[in-house]
Amino acid sequence: MSNSSVIDGDLYSSMCKSEEEDVENSLFEAGESSSSVDDVQYCGDIIGEYVYKPDVSVQLIPFKGLIIKSLKLAIKMYSEYAEIGGFDVRLSTQTMFDNKIIKKKHVICNRGGKQKKKSCDTLGTSGVRRKRNSNLRVIRCQEKIIFESLYGTPDYKVFQFDELHNHPLEKRSDLKKVRQMSYSEKEFIVCASTPKIGPTMAHKLRASLRGGYEFVKPKVVDYKILRRDINRVIGYKDAQMIVNTMNDRRAHYPNYSFEFNCQDDVLDCMFWGDEMEKAYYAEFGDVISYRMVFVPFIAIDHHKKSVTVGAGLLSNESIESYSWLLKAFLKTHGKEPTLVLTDQDAAIKQAIENVFPNSKHRLCMWHIMKKLKNKISDDLFTNTDFRKRFSKLVWDINMKPDVFEVKWGLLMKEFNLEDTRWFKDMFTKRDSWIPGYFNDIAMCGL
């Protein structure tokens, strides 16, 4: 009585040192070679019509009757022969004795076997079209080897060996086994995707770091396939993965805060802060600034250096989203800041008034000065005298408001900017961005 099963997969069997040494010493204990050096000149060329023979040294070619000390050793020996010969192999059918010892083991060319028949009705009305498989490799190759157990011993012998292929053989560097990725290479591809480096560029970088393409076994297509498979696994679960990660941190890290909000089962807003960020805010939380749509909350420490006191993610820049984010910030830290610096977004201004009624809102000077170039002519922007005088005017924290208004008017008149809309608007909002209008508030290094 015997049973049979089919096992498919790549051959990466682990071998102990003693078994590897046995490969060299096992050698042909019984049987005769199917060919000799004088009889056949092995080559990778066509032997007959669409018949190919691997170009392998005769000493490495298995033959019927060859005895090997274990099945693992036999499979390893044959996979090494296949690698040199230019084809991949896979495990196939096996039969077993009643006591579960493998009686016969088939190892075949990776392009052997029959293609599964799939019906495809082009006149069907279901609207579902089967995609063409452009990566089909099974083409009924008859190359195979069968190992048979020598009953009562751990030894196996070659029961049958068919060495001819019905397809051209490949370069060793193109074989699937040789191109197998290590864990470090997979990790490199994933890490490269974080700054949006694609698989093609990642392959170039890997080759540059390793000293040349000859030292990178996987091909560009292997990098692309891995990225595709990762994206397929993640699918639409990326938001859930982020929430799960943050919840795990909240459960295991001391004093870690995480809040999120969903709209119609879609992640809409997030806010998080750890123990260190809470400590920073407790010490330096009088003045904060934040940006969008990734929203880092920044404070200034006693060394006049920026420190992060929280962070958030928003799906849109609406008043509701900003209000939720500020409420999450308030829940985490427990107090409002004295001063909040932001850009000129109207939604931010409204949200701060709603959630932080006791905080003063001011506009970020850096954002305003970045816009200056686009609001004046190139000639005026390159005018060193104007730029120096304008910067001194708006940055002087000790200048009284009435003095500022007089000097502003004179500067606008001198450079013919009185009718420029942007300067008119910024003068109207002067109490929100000119430091002289809120010099009573500690700026904390800003």
# chains A, B, ... in the order shown; residues from 1 in each chain; ligands from 1
>>> residues_around(residues="segment 426-436 of chain A", least_positions_apart="4", cutoff="6 Å", atoms="only C-alpha atoms", output="NGL selection string")
:A and (362-363 or 394 or 397-400)
>>> select_by_dssp(residues="segment 139-384 of chain A", states="strand (DSSP E or B)", output="PyMOL selection string")
chain A and resi 144-149+156-162+165+257-263+266-273+287-289+294-300+306-314+339-342+360-363
>>> residues_around(residues="segment 213-224 of chain A", least_positions_apart="2", cutoff="10 Å", atoms="only C-alpha atoms", output="number ranges by chain")
A: 173-182, 185-186, 189-190, 198-211, 226-230
>>> write_last_selection(atoms="C-alpha atoms", output="compact mmCIF listing (two decimals), in the first residue's frame")
# COMPACT_ATOMS: atom_id res chain seq x y z
CA SER A 173 22.33 34.64 -13.57
CA ASP A 174 18.75 34.48 -14.92
CA LEU A 175 17.68 31.44 -12.91
CA LYS A 176 15.02 31.85 -10.27
CA LYS A 177 17.14 30.20 -7.58
CA VAL A 178 20.13 32.46 -8.22
CA ARG A 179 17.89 35.54 -8.26
CA GLN A 180 16.35 34.71 -4.90
CA MET A 181 16.29 37.78 -2.65
CA SER A 182 17.83 37.88 0.78
CA GLU A 185 17.39 43.10 -0.09
CA LYS A 186 13.65 42.88 0.62
CA ILE A 189 13.20 47.76 -1.28
CA VAL A 190 10.60 48.44 1.41
CA GLY A 198 10.62 53.18 -7.10
CA PRO A 199 11.89 49.62 -7.67
CA THR A 200 13.93 50.55 -10.76
CA MET A 201 15.80 53.32 -8.95
CA ALA A 202 16.12 51.09 -5.87
CA HIS A 203 17.85 48.47 -8.03
CA LYS A 204 20.27 51.09 -9.36
CA LEU A 205 21.04 52.29 -5.84
CA ARG A 206 21.61 48.73 -4.65
CA ALA A 207 24.00 48.09 -7.53
CA SER A 208 25.86 51.33 -6.78
CA LEU A 209 26.19 50.45 -3.10
CA ARG A 210 27.38 46.91 -3.85
CA GLY A 211 29.92 48.01 -6.47
CA LEU A 226 8.16 42.37 -4.76
CA ARG A 227 6.78 45.92 -4.66
CA ARG A 228 3.65 44.74 -6.46
CA ASP A 229 3.15 41.87 -4.03
CA ILE A 230 3.62 44.14 -1.02
>>> select_by_dssp(residues="segment 299-437 of chain A", states="alpha helix (DSSP H)", output="PyMOL selection string")
chain A and resi 319-333+346-355+365-375+378-381+384-395+401-414+421-428
>>> residues_around(residues="Phe356 of chain A", least_positions_apart="3", cutoff="12 Å", atoms="only C-alpha atoms", output="list of chain:residue names")
A:Tyr322, A:Ser323, A:Trp324, A:Leu325, A:Leu326, A:Lys327, A:Ala328, A:Phe329, A:Leu330, A:Gly334, A:Lys335, A:Glu336, A:Pro337, A:Thr338, A:Leu339, A:Val340, A:Ile348, A:Lys349, A:Gln350, A:Ala351, A:Ile352, A:Glu353, A:Ser359, A:Lys360, A:His361
>>> residues_around(residues="Glu283 of chain A", least_positions_apart="2", cutoff="12 Å", atoms="only C-alpha atoms", output="list in words")
Met276, Glu277, Lys278, Ala279, Tyr280, Tyr281, Gly285, Asp286, Val287, Ala299, Ile300, Asp301, His302, Val307, Val309, His333, Pro337 and Cys444 of chain A
>>> atom_distance(atom1="atom CA of Asn416 of chain A", atom2="atom CA of Lys371 of chain A")
18.5 Å
>>> residues_around(residues="Met77 of chain A", least_positions_apart="2", cutoff="10 Å", atoms="only C-alpha atoms", output="list in words")
Glu20, Val23, Glu24, Leu60, Ile61, Pro62, Ile68, Leu71, Lys72, Leu73, Ala74, Ile75, Ser79, Glu80, Tyr81 and Ala82 of chain A
>>> write_last_selection(atoms="all heavy atoms", output="short mmCIF file (atom, residue, chain, number, x, y, z; two decimals), in the first residue's frame")
data_model
loop_
_atom_site.label_atom_id
_atom_site.label_comp_id
_atom_site.auth_asym_id
_atom_site.auth_seq_id
_atom_site.Cartn_x
_atom_site.Cartn_y
_atom_site.Cartn_z
N GLU A 20 27.11 18.00 3.33
CA GLU A 20 27.74 18.70 2.21
C GLU A 20 29.07 18.02 1.84
O GLU A 20 29.42 17.94 0.66
CB GLU A 20 27.96 20.16 2.58
CG GLU A 20 26.67 20.95 2.70
CD GLU A 20 26.92 22.37 3.14
OE1 GLU A 20 28.06 22.67 3.54
OE2 GLU A 20 25.99 23.16 3.08
N VAL A 23 28.55 15.04 -0.36
CA VAL A 23 28.34 15.25 -1.79
C VAL A 23 29.62 14.98 -2.56
O VAL A 23 29.62 14.42 -3.65
CB VAL A 23 27.85 16.70 -2.06
CG1 VAL A 23 27.79 16.97 -3.54
CG2 VAL A 23 26.49 16.91 -1.44
N GLU A 24 30.73 15.39 -1.97
CA GLU A 24 32.01 15.19 -2.65
C GLU A 24 32.50 13.74 -2.54
O GLU A 24 33.21 13.25 -3.42
CB GLU A 24 33.06 16.13 -2.03
CG GLU A 24 32.66 17.59 -2.14
CD GLU A 24 33.65 18.50 -1.41
OE1 GLU A 24 34.59 17.94 -0.81
OE2 GLU A 24 33.45 19.71 -1.45
N LEU A 60 29.69 15.87 -13.14
CA LEU A 60 28.58 16.37 -12.33
C LEU A 60 27.23 15.85 -12.79
O LEU A 60 26.21 16.16 -12.17
CB LEU A 60 28.56 17.91 -12.35
CG LEU A 60 29.82 18.61 -11.81
CD1 LEU A 60 29.67 20.12 -11.95
CD2 LEU A 60 30.05 18.23 -10.35
N ILE A 61 27.20 15.06 -13.87
CA ILE A 61 25.93 14.60 -14.42
C ILE A 61 25.48 13.34 -13.68
O ILE A 61 26.23 12.36 -13.59
CB ILE A 61 26.06 14.30 -15.92
CG1 ILE A 61 26.52 15.55 -16.68
CG2 ILE A 61 24.74 13.80 -16.49
CD1 ILE A 61 26.88 15.29 -18.10
N PRO A 62 24.28 13.33 -13.11
CA PRO A 62 23.78 12.11 -12.47
C PRO A 62 23.49 11.04 -13.52
O PRO A 62 23.30 11.34 -14.69
CB PRO A 62 22.50 12.58 -11.78
CG PRO A 62 22.07 13.79 -12.51
CD PRO A 62 23.31 14.44 -13.05
N ILE A 68 23.27 7.72 -3.47
CA ILE A 68 23.56 8.90 -2.67
C ILE A 68 23.08 8.63 -1.25
O ILE A 68 22.08 7.95 -1.04
CB ILE A 68 22.86 10.15 -3.26
CG1 ILE A 68 23.27 10.29 -4.73
CG2 ILE A 68 23.26 11.40 -2.50
CD1 ILE A 68 22.28 11.00 -5.56
N LEU A 71 18.23 11.52 0.91
CA LEU A 71 17.38 12.19 -0.09
C LEU A 71 17.70 13.68 -0.15
O LEU A 71 17.72 14.27 -1.23
CB LEU A 71 15.91 11.97 0.26
CG LEU A 71 14.90 12.59 -0.72
CD1 LEU A 71 15.09 12.03 -2.13
CD2 LEU A 71 13.47 12.35 -0.24
N LYS A 72 17.96 14.29 0.99
CA LYS A 72 18.31 15.71 1.00
C LYS A 72 19.58 15.96 0.20
O LYS A 72 19.68 16.92 -0.57
CB LYS A 72 18.50 16.20 2.43
CG LYS A 72 17.21 16.47 3.18
CD LYS A 72 17.51 17.12 4.52
CE LYS A 72 16.21 17.48 5.24
NZ LYS A 72 16.47 18.13 6.54
N LEU A 73 20.53 15.09 0.38
CA LEU A 73 21.79 15.22 -0.34
C LEU A 73 21.57 15.03 -1.84
O LEU A 73 22.16 15.72 -2.67
CB LEU A 73 22.78 14.18 0.18
CG LEU A 73 24.27 14.47 -0.03
CD1 LEU A 73 24.68 15.77 0.61
CD2 LEU A 73 25.09 13.31 0.50
N ALA A 74 20.68 14.09 -2.19
CA ALA A 74 20.38 13.83 -3.60
C ALA A 74 19.73 15.05 -4.26
O ALA A 74 20.09 15.45 -5.37
CB ALA A 74 19.47 12.62 -3.71
N ILE A 75 18.76 15.64 -3.55
CA ILE A 75 18.07 16.81 -4.10
C ILE A 75 19.03 17.98 -4.23
O ILE A 75 19.01 18.72 -5.22
CB ILE A 75 16.86 17.16 -3.22
CG1 ILE A 75 15.81 16.04 -3.29
CG2 ILE A 75 16.25 18.49 -3.63
CD1 ILE A 75 14.65 16.23 -2.33
N SER A 79 19.95 19.88 -7.69
CA SER A 79 19.67 21.31 -7.86
C SER A 79 20.93 22.06 -8.27
O SER A 79 20.87 23.02 -9.04
CB SER A 79 19.10 21.89 -6.57
OG SER A 79 20.04 21.80 -5.52
N GLU A 80 22.10 21.63 -7.77
CA GLU A 80 23.35 22.25 -8.19
C GLU A 80 23.66 21.92 -9.65
O GLU A 80 24.15 22.78 -10.39
CB GLU A 80 24.49 21.77 -7.29
CG GLU A 80 24.39 22.31 -5.86
CD GLU A 80 25.44 21.72 -4.94
OE1 GLU A 80 26.12 20.75 -5.36
OE2 GLU A 80 25.58 22.22 -3.81
N TYR A 81 23.36 20.71 -10.06
CA TYR A 81 23.52 20.34 -11.48
C TYR A 81 22.61 21.21 -12.35
O TYR A 81 23.03 21.72 -13.40
CB TYR A 81 23.17 18.86 -11.66
CG TYR A 81 22.79 18.47 -13.07
CD1 TYR A 81 23.75 18.28 -14.06
CD2 TYR A 81 21.45 18.30 -13.41
CE1 TYR A 81 23.39 17.92 -15.35
CE2 TYR A 81 21.06 17.94 -14.70
CZ TYR A 81 22.05 17.76 -15.66
OH TYR A 81 21.68 17.41 -16.94
N ALA A 82 21.36 21.41 -11.90
CA ALA A 82 20.42 22.22 -12.67
C ALA A 82 20.87 23.67 -12.76
O ALA A 82 20.73 24.31 -13.81
CB ALA A 82 19.03 22.13 -12.05
#
>>> residues_around(residues="Asp402 of chain A", least_positions_apart="5", cutoff="10 Å", atoms="only C-alpha atoms", output="list in words")
Lys407, Trp408, Gly436 and Tyr437 of chain A
>>> atom_distance(atom1="atom CA of Asn244 of chain A", atom2="atom CA of Val355 of chain A")
28.1 Å
>>> closest_residue(among="A:Trp395, A:Phe294, A:Phe284, A:Phe404", to="Ser306 of chain A", atoms="only C-alpha atoms")
A:Phe284
>>> atom_distance(atom1="atom CA of Met246 of chain A", atom2="atom CA of Ile225 of chain A")
29.1 Å
